[in-house]
$ cat work.txt   # compact mmCIF, C-alpha atoms
# COMPACT_ATOMS: atom_id res chain seq x y z
CA MET K 1 27.20 -67.56 68.15
CA ALA K 2 29.14 -64.38 68.15
CA ARG K 3 27.28 -61.43 66.88
CA ALA K 4 28.59 -59.91 63.71
CA ALA K 5 30.32 -56.65 64.29
CA LYS K 6 28.43 -53.69 62.97
CA LYS K 7 30.13 -51.85 60.22
CA LYS K 8 30.56 -48.20 60.85
CA PRO K 9 28.89 -46.09 58.21
CA ALA K 10 31.43 -44.65 55.91
CA GLY K 11 31.85 -40.94 56.40
CA LYS K 12 30.91 -38.59 53.59
CA LYS K 13 33.81 -37.78 51.40
CA LYS K 14 34.51 -34.11 51.09
CA ALA K 15 34.19 -32.75 47.59
CA PRO K 16 37.55 -31.71 46.24
CA LYS K 17 38.08 -27.97 46.21
CA LYS K 18 37.91 -26.39 42.83
CA LYS K 19 41.20 -24.98 41.83
CA ARG K 20 41.15 -21.36 40.81
CA ILE K 21 42.28 -20.94 37.28
CA LYS K 22 45.00 -18.37 37.19
CA LEU K 23 44.76 -16.25 34.09
CA HIS K 24 47.80 -15.21 32.23
CA PRO K 25 48.28 -11.42 32.55
CA ILE K 26 47.51 -10.94 28.86
CA GLU K 27 44.29 -12.99 29.16
CA TRP K 28 43.34 -11.02 32.28
CA ILE K 29 43.81 -7.74 30.38
CA ARG K 30 41.74 -9.03 27.45
CA LEU K 31 38.94 -10.06 29.83
CA TRP K 32 38.78 -6.62 31.41
CA ILE K 33 38.93 -4.89 28.04
CA LYS K 34 35.89 -6.93 26.96
CA ARG K 35 34.08 -5.98 30.16
CA VAL K 36 34.86 -2.29 29.73
CA VAL K 37 33.78 -2.34 26.07
CA LEU K 38 30.54 -4.11 27.02
CA ALA K 39 29.88 -1.56 29.79
CA VAL K 40 30.49 1.34 27.39
CA LEU K 41 28.17 -0.19 24.79
CA CYS K 42 25.43 -0.68 27.40
CA PHE K 43 25.90 2.91 28.59
CA PHE K 44 25.49 4.36 25.11
CA ALA K 45 22.63 1.99 24.25
CA LEU K 46 20.69 3.05 27.32
CA GLY K 47 21.50 6.68 26.63
CA ILE K 48 20.35 6.50 23.02
CA VAL K 49 17.06 4.79 23.87
CA GLY K 50 16.49 6.90 26.98
CA TYR K 51 17.04 10.26 25.32
CA ALA K 52 14.62 9.34 22.58
CA PHE K 53 11.93 10.02 25.20
CA ILE K 54 13.66 11.81 28.09
CA ASN K 55 15.02 15.32 27.64
CA PRO K 56 18.80 15.48 28.25
CA PRO K 57 19.23 17.44 31.50
CA THR K 58 22.58 18.84 30.35
CA THR K 59 25.60 18.05 28.16
CA PRO K 60 29.36 17.76 28.79
CA HIS K 61 29.96 21.07 27.01
CA ILE K 62 27.29 22.92 28.99
CA ILE K 63 28.79 21.54 32.21
CA SER K 64 32.31 22.65 31.25
CA GLU K 65 31.11 26.13 30.25
CA LYS K 66 29.11 26.47 33.47
CA MET K 67 32.20 25.56 35.47
CA ARG K 68 34.29 28.06 33.50
CA LEU K 69 31.81 30.96 33.61
CA GLY K 70 30.04 30.17 36.85
CA TRP K 71 26.67 30.21 35.10
CA ALA K 72 24.80 28.99 32.03
CA ASP K 73 21.41 30.08 30.69
CA ARG K 74 19.32 27.21 29.35
CA GLN K 75 15.66 26.24 29.56
CA TRP K 76 14.19 23.27 27.71
CA VAL K 77 11.31 24.01 25.32
CA ASP K 78 9.34 21.51 23.26
CA LEU K 79 9.50 21.84 19.49
CA ASP K 80 5.77 22.61 19.41
CA GLU K 81 6.58 25.81 21.33
CA VAL K 82 9.19 26.98 18.81
CA ALA K 83 8.35 28.92 15.66
CA PRO K 84 8.55 26.38 12.79
CA VAL K 85 10.76 28.76 10.83
CA MET K 86 13.48 28.30 13.45
CA ALA K 87 13.85 24.59 12.71
CA ARG K 88 13.83 25.26 8.96
CA SER K 89 16.47 27.97 9.40
CA VAL K 90 18.81 25.66 11.32
CA VAL K 91 18.41 22.97 8.68
CA ALA K 92 19.05 25.48 5.90
CA ALA K 93 22.17 26.73 7.68
CA GLU K 94 23.69 23.46 8.88
CA ASP K 95 22.22 20.47 7.07
CA ALA K 96 20.05 21.17 4.02
CA ASN K 97 19.63 17.44 3.24
CA PHE K 98 18.66 16.54 6.82
CA CYS K 99 15.48 14.73 5.75
CA ARG K 100 17.27 12.79 3.01
CA HIS K 101 20.19 11.15 4.81
CA TRP K 102 20.67 8.53 7.54
CA GLY K 103 23.09 10.54 9.66
CA PHE K 104 25.87 11.19 7.17
CA ASP K 105 25.53 13.50 4.16
CA MET K 106 27.81 11.77 1.66
CA ARG K 107 27.44 14.60 -0.86
CA ALA K 108 28.60 17.15 1.71
CA ILE K 109 31.46 14.88 2.77
CA ARG K 110 32.68 14.53 -0.82
CA ALA K 111 32.41 18.31 -1.30
CA ALA K 112 34.44 18.87 1.90
CA ILE K 113 37.12 16.47 0.69
CA ASP K 114 37.27 18.17 -2.71
CA ASP K 115 37.58 21.50 -0.92
CA GLY K 116 40.62 20.28 0.97
CA GLY K 117 38.86 19.84 4.29
CA SER K 118 38.40 23.57 4.85
CA ARG K 119 34.64 23.23 5.16
CA GLY K 120 32.65 21.16 7.63
CA ALA K 121 30.40 18.27 6.66
CA SER K 122 28.86 17.31 10.01
CA THR K 123 25.13 16.73 9.91
CA LEU K 124 22.75 17.88 12.64
CA THR K 125 22.63 14.29 13.89
CA GLN K 126 26.41 14.17 14.23
CA GLN K 127 26.39 17.47 16.08
CA VAL K 128 23.72 16.20 18.47
CA VAL K 129 25.76 13.04 19.12
CA LYS K 130 28.90 15.10 19.78
CA ASN K 131 27.15 17.49 22.15
CA VAL K 132 24.94 15.03 24.04
CA TYR K 133 27.26 12.03 24.42
CA LEU K 134 30.83 13.14 23.74
CA TRP K 135 33.21 16.05 24.14
CA HIS K 136 34.35 18.97 22.01
CA GLY K 137 37.71 19.10 20.27
CA ARG K 138 39.26 17.51 17.23
CA SER K 139 40.48 13.99 17.90
CA TRP K 140 40.24 10.64 16.15
CA PRO K 141 38.75 8.80 19.16
CA ARG K 142 35.90 11.31 19.36
CA LYS K 143 35.27 11.21 15.62
CA ALA K 144 35.30 7.40 15.69
CA LEU K 145 32.77 7.28 18.53
CA GLU K 146 30.66 9.92 16.80
CA ALA K 147 30.64 7.87 13.58
CA ALA K 148 29.69 4.72 15.51
CA ILE K 149 26.85 6.29 17.52
CA THR K 150 25.27 8.44 14.79
CA PRO K 151 23.55 5.61 12.84
CA PHE K 152 21.99 4.25 16.03
CA VAL K 153 20.59 7.67 16.96
CA GLU K 154 19.10 7.92 13.46
CA LEU K 155 17.63 4.44 13.89
CA VAL K 156 16.06 5.02 17.31
CA TRP K 157 15.19 8.73 17.28
CA THR K 158 12.83 10.45 14.89
CA LYS K 159 14.10 13.34 12.76
CA ARG K 160 11.78 15.63 14.70
CA ARG K 161 13.36 14.51 17.97
CA ILE K 162 16.85 15.17 16.62
CA ILE K 163 15.88 18.73 15.68
CA GLU K 164 14.19 19.26 19.04
CA VAL K 165 17.25 18.16 21.00
CA TYR K 166 19.58 20.15 18.75
CA LEU K 167 17.64 23.38 19.28
CA ASN K 168 17.78 22.87 23.04
CA ILE K 169 21.52 22.21 23.36
CA ALA K 170 23.06 24.43 20.65
CA GLU K 171 25.26 27.26 21.88
CA PHE K 172 24.16 30.73 20.70
CA ASP K 173 26.46 32.94 22.78
CA GLU K 174 28.85 32.58 25.68
CA GLY K 175 26.83 30.78 28.35
CA VAL K 176 23.62 30.89 26.28
CA PHE K 177 22.34 27.46 25.27
CA GLY K 178 19.15 26.50 23.51
CA VAL K 179 16.69 28.46 21.42
CA GLU K 180 14.58 29.56 24.40
CA ALA K 181 17.48 31.32 26.09
CA ALA K 182 18.76 32.67 22.76
CA ALA K 183 15.42 34.20 21.73
CA HIS K 184 15.15 36.09 25.03
CA HIS K 185 18.85 36.97 25.09
CA TYR K 186 18.96 38.56 21.65
CA PHE K 187 15.41 39.69 20.89
CA GLY K 188 13.48 39.72 24.17
CA VAL K 189 10.81 37.32 22.86
CA GLY K 190 9.86 33.71 23.36
CA PRO K 191 10.97 31.10 20.80
CA ASP K 192 7.40 30.85 19.49
CA LYS K 193 7.48 34.54 18.48
CA LEU K 194 10.64 34.44 16.36
CA SER K 195 10.28 35.95 12.90
CA ALA K 196 11.93 34.53 9.80
CA VAL K 197 14.71 37.14 9.98
CA GLN K 198 15.31 36.60 13.71
CA ALA K 199 15.42 32.82 13.28
CA ALA K 200 17.84 33.18 10.37
CA ARG K 201 20.12 35.43 12.42
CA LEU K 202 20.22 32.90 15.23
CA ALA K 203 21.05 30.15 12.75
CA ALA K 204 23.71 32.38 11.19
CA LEU K 205 25.61 32.37 14.50
CA LEU K 206 26.45 28.70 14.04
CA PRO K 207 29.04 27.29 14.32
CA ASN K 208 30.88 30.28 15.87
CA PRO K 209 28.38 31.83 18.31
CA LYS K 210 31.03 33.40 20.54
CA GLU K 211 32.38 35.47 17.66
CA ARG K 212 29.03 36.58 16.19
CA SER K 213 25.93 38.42 17.39
CA ALA K 214 22.31 38.18 16.31
CA SER K 215 21.25 41.50 17.87
CA ARG K 216 24.27 43.43 16.51
CA PRO K 217 24.94 41.50 13.31
CA SER K 218 28.05 42.11 11.28
CA ALA K 219 27.88 42.41 7.50
CA PHE K 220 28.79 38.73 7.29
CA VAL K 221 25.98 37.67 9.63
CA ARG K 222 23.46 39.84 7.74
CA LYS K 223 24.47 38.33 4.42
CA ARG K 224 24.45 34.79 5.79
CA ALA K 225 21.07 35.36 7.47
CA GLN K 226 19.50 36.54 4.23
CA SER K 227 20.80 33.41 2.52
CA ILE K 228 19.29 31.31 5.32
CA VAL K 229 15.91 33.06 4.97
CA ASP K 230 15.87 32.07 1.29
CA GLY K 231 17.11 28.57 2.05
CA ALA K 232 14.47 27.98 4.73
CA ALA K 233 11.73 29.04 2.32
CA THR K 234 13.10 26.71 -0.37
CA ILE K 235 13.30 23.79 2.06
CA ARG K 236 9.66 24.29 2.99
CA ALA K 237 8.57 24.58 -0.65
CA ASP K 238 10.40 21.50 -1.97
CA GLY K 239 9.43 19.20 0.91
CA ARG K 240 12.80 18.94 2.64
CA ALA K 241 11.15 19.95 5.92
CA SER K 242 8.55 17.18 5.85
CA CYS K 243 10.41 14.85 8.20
CA PHE K 244 10.30 17.26 11.15
CA GLU K 245 7.17 19.33 10.55
CA ASP K 246 3.64 18.15 11.40
$ encode --input "work.txt" --output "structure tokens"
Amino acid sequence: MARAAKKKPAGKKKAPKKKRIKLHPIEWIRLWIKRVVLAVLCFFALGIVGYAFINPPTTPHIISEKMRLGWADRQWVDLDEVAPVMARSVVAAEDANFCRHWGFDMRAIRAAIDDGGSRGASTLTQQVVKNVYLWHGRSWPRKALEAAITPFVELVWTKRRIIEVYLNIAEFDEGVFGVEAAAHHYFGVGPDKLSAVQAARLAALLPNPKERSASRPSAFVRKRAQSIVDGAATIRADGRASCFED
């Protein structure tokens, strides 16, 4: 009998190549917009959480001023090494309801609107957000980002941390940033040795430090400083300093 012919094993069929889906240009743009937005959100999220524990090494404004001037005087100092009256003075000068709001002082905002927008209503938290994460200048994109980031900073950071960062990044003269540099620059003392009057004069420089002086105060600065001295004492007496003092 003839032997049955052996069947050749069937060769493996090659899997069909997956066709690349070509995105419509509009869909491609939308995809990349989503990716960019996600990357920006991750950047700010990491920055907010990170700076709750890590001291910001610098800020965009400090960098720009250093490039313009060729130098910048700044040395980080912990809040424990700053005279408590300095923190109270800054709060009295810039944000009297600091311990009572969640990043936005609605009362101050309404007062600014009633005043025709001639007065500022930014809280210390908003100023920290602007200086640490954003850029200076009046623009709607910056204000929108500031408004979006501020509540998250209030949620993650403590009030004491906000004050600490603010005192270390605030500008007190051309090229002089932070309370440590300012105390030595104007009074030749460390920040822990500041008196109530000296602290009030430093706070009185805000928000126009380049046009005012704490060591050679104008009549305006003297008057504003005296008001800040009284305000700082009131804030301590009525408990509005409790959220940032031990």
$ residues_around --input "work.txt" --residues "stretch 207-216 of chain K" --least-positions-apart "4" --cutoff "8 Å" --atoms "all atoms listed in the file" --output "PyMOL selection string"
chain K and resi 171-174+186-187+198+201-202+221
$ atom_distance --input "work.txt" --atom1 "atom CA of K:Leu145" --atom2 "atom CA of K:Ala52"
18.7 Å
$ atom_distance --input "work.txt" --atom1 "atom CA of K:Ser218" --atom2 "atom CA of K:Met86"
20.2 Å
$ atom_distance --input "work.txt" --atom1 "atom CA of K:Asp192" --atom2 "atom CA of K:Val153"
26.8 Å
$ closest_residue --input "work.txt" --among "K:Lys223, K:Cys243, K:Phe177, K:Ile235" --to "K:Ile162" --atoms "all atoms listed in the file"
K:Cys243
$ axis_aligned_box --input "work.txt" --around "stretch 205-217 of chain K" --padding-each-side "5 Å" --output "lines of an AutoDock Vina configuration file"
center_x = 26.8
center_y = 35.4
center_z = 16.9
size_x = 21.1
size_y = 26.1
size_z = 17.2
$ residues_near_point --input "work.txt" --point "(24.5, 15.4, 21.6)" --cutoff "10 Å" --atoms "only C-alpha atoms" --output "PyMOL selection string"
chain K and resi 48+51+56+58-61+124-135+146+150+153+162+165-166+169-170
$ closest_residue --input "work.txt" --among "K:Leu205, K:Ser242, K:Arg236, K:Gly190" --to "K:Glu81" --atoms "all atoms listed in the file"
K:Gly190
$ closest_residue --input "work.txt" --among "K:Ala72, K:Ile63, K:Ala241, K:Ala92" --to "K:His136" --atoms "all atoms listed in the file"
K:Ile63
$ closest_residue --input "work.txt" --among "K:Thr123, K:Ser195, K:Arg68, K:Trp157" --to "K:Ala108" --atoms "only C-alpha atoms"
K:Thr123
$ residues_around --input "work.txt" --residues "K:Ser122" --least-positions-apart "6" --cutoff "8 Å" --atoms "all atoms listed in the file" --output "number ranges by chain"
K: 95, 104-105
$ closest_residue --input "work.txt" --among "K:Gly103, K:Ile163, K:Ala148, K:Lys34" --to "K:Val77" --atoms "all atoms listed in the file"
K:Ile163
$ closest_residue --input "work.txt" --among "K:Ala219, K:Leu69, K:Leu79, K:Leu41" --to "K:Asp246" --atoms "only C-alpha atoms"
K:Leu79
$ residues_around --input "work.txt" --residues "K:Ala233" --least-positions-apart "6" --cutoff "9 Å" --atoms "all atoms listed in the file" --output "compact mmCIF listing (two decimals) with C-alpha atoms, in the coordinates of the input"
# COMPACT_ATOMS: atom_id res chain seq x y z
CA VAL K 85 10.76 28.76 10.83
CA ARG K 88 13.83 25.26 8.96
CA SER K 89 16.47 27.97 9.40
CA ALA K 92 19.05 25.48 5.90
$ build_atoms --input "work.txt" --residues "stretch 200-220 of chain K" --atoms "N, CA, C and O atoms" --output "short mmCIF file (atom, residue, chain, number, x, y, z; two decimals), keeping the file's coordinate frame"
data_model
loop_
_atom_site.label_atom_id
_atom_site.label_comp_id
_atom_site.auth_asym_id
_atom_site.auth_seq_id
_atom_site.Cartn_x
_atom_site.Cartn_y
_atom_site.Cartn_z
N ALA K 200 16.69 33.29 11.27
CA ALA K 200 17.84 33.18 10.37
C ALA K 200 19.10 33.75 11.01
O ALA K 200 20.20 33.21 10.84
N ARG K 201 18.95 34.84 11.75
CA ARG K 201 20.12 35.43 12.42
C ARG K 201 20.66 34.52 13.51
O ARG K 201 21.88 34.43 13.71
N LEU K 202 19.76 33.86 14.22
CA LEU K 202 20.22 32.90 15.23
C LEU K 202 20.96 31.74 14.56
O LEU K 202 22.03 31.31 15.02
N ALA K 203 20.40 31.24 13.48
CA ALA K 203 21.05 30.15 12.75
C ALA K 203 22.38 30.58 12.15
O ALA K 203 23.31 29.77 12.02
N ALA K 204 22.48 31.86 11.80
CA ALA K 204 23.71 32.38 11.19
C ALA K 204 24.87 32.44 12.19
O ALA K 204 26.02 32.57 11.80
N LEU K 205 24.56 32.35 13.48
CA LEU K 205 25.61 32.37 14.50
C LEU K 205 26.42 31.07 14.50
O LEU K 205 27.57 31.05 14.95
N LEU K 206 25.81 30.02 14.03
CA LEU K 206 26.45 28.70 14.04
C LEU K 206 27.44 28.60 12.89
O LEU K 206 27.17 29.08 11.79
N PRO K 207 28.60 28.00 13.10
CA PRO K 207 29.04 27.29 14.32
C PRO K 207 29.99 28.12 15.19
O PRO K 207 30.73 27.54 15.97
N ASN K 208 29.98 29.43 15.07
CA ASN K 208 30.88 30.28 15.87
C ASN K 208 30.10 31.31 16.67
O ASN K 208 30.25 32.51 16.46
N PRO K 209 29.26 30.89 17.60
CA PRO K 209 28.38 31.83 18.31
C PRO K 209 29.12 32.83 19.19
O PRO K 209 28.60 33.91 19.46
N LYS K 210 30.31 32.49 19.65
CA LYS K 210 31.03 33.40 20.54
C LYS K 210 31.66 34.56 19.78
O LYS K 210 32.08 35.55 20.38
N GLU K 211 31.76 34.43 18.47
CA GLU K 211 32.38 35.47 17.66
C GLU K 211 31.36 36.26 16.84
O GLU K 211 31.73 37.14 16.07
N ARG K 212 30.07 35.92 16.97
CA ARG K 212 29.03 36.58 16.19
C ARG K 212 27.89 37.01 17.10
O ARG K 212 27.75 36.51 18.21
N SER K 213 27.07 37.93 16.61
CA SER K 213 25.93 38.42 17.39
C SER K 213 24.71 38.50 16.50
O SER K 213 24.80 38.93 15.35
N ALA K 214 23.56 38.09 17.05
CA ALA K 214 22.31 38.18 16.31
C ALA K 214 21.64 39.53 16.48
O ALA K 214 20.91 39.99 15.60
N SER K 215 21.88 40.20 17.61
CA SER K 215 21.25 41.50 17.87
C SER K 215 22.08 42.65 17.28
O SER K 215 21.54 43.70 16.96
N ARG K 216 23.39 42.44 17.15
CA ARG K 216 24.27 43.43 16.51
C ARG K 216 25.04 42.73 15.39
O ARG K 216 26.26 42.53 15.47
N PRO K 217 24.32 42.32 14.36
CA PRO K 217 24.94 41.50 13.31
C PRO K 217 25.96 42.24 12.47
O PRO K 217 25.76 43.40 12.10
N SER K 218 27.05 41.56 12.18
CA SER K 218 28.05 42.11 11.28
C SER K 218 27.54 41.98 9.85
O SER K 218 26.49 41.37 9.60
N ALA K 219 28.27 42.53 8.91
CA ALA K 219 27.88 42.41 7.50
C ALA K 219 27.83 40.94 7.09
O ALA K 219 26.94 40.53 6.32
N PHE K 220 28.77 40.16 7.61
CA PHE K 220 28.79 38.73 7.29
C PHE K 220 27.53 38.03 7.79
O PHE K 220 26.91 37.25 7.07
#
